[in-house]
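Asks: Once you've had a glance at the structure underneath, I'll fire off some questions.
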Amino acid sequence: MSHKILLVEDDATTADYIGRGLTEEGFTVDRASDGRDGLFLATGRTHDAIILDRMLPGMDGMAVLAALRAAAIETPVIILSALAAAEDRVAGLTTGSDDYLAKPFSFAELLARLRLIIRRRTAGPIPETRLTCGDLKIDLLSRRVTRGGRTIELQPREFRLLDFLMRHQGEVVTRTMLLEGVWDYHFDPGTNVIDVHISKLRRKIDEEGEAPLIHTVRGAGYRLGDQG
């Protein structure tokens, strides 16, 4: 699959050099020669990575990067810059870039760094294996539940119910959400199955002397959290 790169560089010689090299390596390259055009193209969220010159006409590269991150656009960015001091690299990385490459640079190094940040992105997030709510913890791999150090033994359905509540902690979870997410029912069977399981789970999770974590929200559902 051909990866799509946005190259924002105002120096035509440098842009031609990078663009030609990337095209030969099988990339599809969109180009912009000033910051405003680069920002406009980047907001389309269609690129696998962005190569962004720091000193651009129209809008500085750092301002472009800040605007992208403020808009929750997480496309990986490599900054190119003639500013090579440590504080300049730190400023670029803390503003939200994924890498910072000083000019002059070798195309081979740029290509290696570009492939690395694309690989990181396409690898996807590391799956969650632990969930926490206050001193209540679930290890999803071992299926072990603890609160304040004590182990809590749960039946399979109780574990699934707690897992669902933990993933929605702080939110009001409705009866319909529980029926679909825990019991795989897409209709209301007209029983008190939810109430029974919540009651059992609450007795195990909220022992006497502990701050209640499972709360009933009258007329709405349930909520997991450290406040009623």
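Identifiers in this document derive from the order of the structure tokens: chains are assigned A, B, ..., residues are numbered from 1 separately in each chain, and ligands are numbered from 1 in order of occurrence.
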Would you mind writing down, as number ranges by chain, each residue of region 13-62 of chain A that DSSP on the backbone assigns to strand (DSSP E)?
Replies: A: 28-32, 49-53
Asks: Output the selection as a PDB file, in the first residue's frame - C-alpha atoms for each residue.
Replies:
```pdb
ATOM      1  CA  THR A  28       2.482   9.524  -2.841  1.00  0.00           C
ATOM      2  CA  VAL A  29       3.495  13.118  -2.096  1.00  0.00           C
ATOM      3  CA  ASP A  30       1.348  16.236  -1.707  1.00  0.00           C
ATOM      4  CA  ARG A  31       3.279  19.513  -1.543  1.00  0.00           C
ATOM      5  CA  ALA A  32       2.743  22.962  -0.078  1.00  0.00           C
ATOM      6  CA  ALA A  49       2.818  11.549   7.849  1.00  0.00           C
ATOM      7  CA  ILE A  50       3.830  15.185   7.414  1.00  0.00           C
ATOM      8  CA  ILE A  51       7.315  16.539   6.703  1.00  0.00           C
ATOM      9  CA  LEU A  52       7.200  20.137   7.922  1.00  0.00           C
ATOM     10  CA  ASP A  53       9.825  22.829   7.435  1.00  0.00           C
TER      11      ASP A  53
END
```
Asks: Write down as a PyMOL selection string the residues of region 8-106 of chain A whose backbone DSSP state falls under alpha helix (DSSP H).
Replies: chain A and resi 12-24+35-42+61-70+86-95
Asks: Tell me, as a VMD selection string, which residues lie within 8 Å of region 193-202 of chain A, counting only C-alpha atoms; anything in the same chain fewer than 5 positions away does not count.
Replies: chain A and resid 154 158 162 175 178 to 179 214
Asks: Within 10 Å of Gly134 (chain A), counting only C-alpha atoms, which residues show up once you throw out same-chain ones fewer than 2 positions away? Write them as a ChimeraX atom specification, please.
Replies: /A:132,136-137,147-148,211,213,225-226
Asks: Go ahead and save the residues from that selection, with N, CA and C atoms, as a JSON list (two decimals), in the first residue's frame.
Replies:
```json
[["chain", "number", "residue", "atom", "x", "y", "z"],
["A", 132, "THR", "N", -8.31, 0.52, 36.29],
["A", 132, "THR", "CA", -8.24, 0.99, 37.67],
["A", 132, "THR", "C", -9.31, 2.02, 37.94],
["A", 136, "LEU", "N", -9.54, 0.06, 43.30],
["A", 136, "LEU", "CA", -10.09, -1.13, 42.65],
["A", 136, "LEU", "C", -9.33, -1.38, 41.34],
["A", 137, "LYS", "N", -8.82, -2.59, 41.18],
["A", 137, "LYS", "CA", -8.00, -2.90, 40.01],
["A", 137, "LYS", "C", -8.42, -4.22, 39.38],
["A", 147, "ARG", "N", -9.10, -5.01, 45.51],
["A", 147, "ARG", "CA", -9.42, -3.68, 46.03],
["A", 147, "ARG", "C", -8.66, -3.49, 47.33],
["A", 148, "GLY", "N", -7.82, -2.45, 47.36],
["A", 148, "GLY", "CA", -7.04, -2.17, 48.54],
["A", 148, "GLY", "C", -6.14, -3.33, 48.94],
["A", 211, "ALA", "N", -15.21, 3.20, 50.86],
["A", 211, "ALA", "CA", -16.02, 4.18, 50.14],
["A", 211, "ALA", "C", -16.77, 3.49, 49.01],
["A", 213, "LEU", "N", -18.22, 2.46, 45.56],
["A", 213, "LEU", "CA", -17.81, 2.75, 44.18],
["A", 213, "LEU", "C", -18.95, 2.56, 43.18],
["A", 225, "GLY", "N", -17.68, 4.97, 40.31],
["A", 225, "GLY", "CA", -16.83, 6.12, 40.60],
["A", 225, "GLY", "C", -16.69, 6.29, 42.09],
["A", 226, "ASP", "N", -15.86, 7.24, 42.49],
["A", 226, "ASP", "CA", -15.56, 7.39, 43.91],
["A", 226, "ASP", "C", -16.46, 8.39, 44.64]]
```
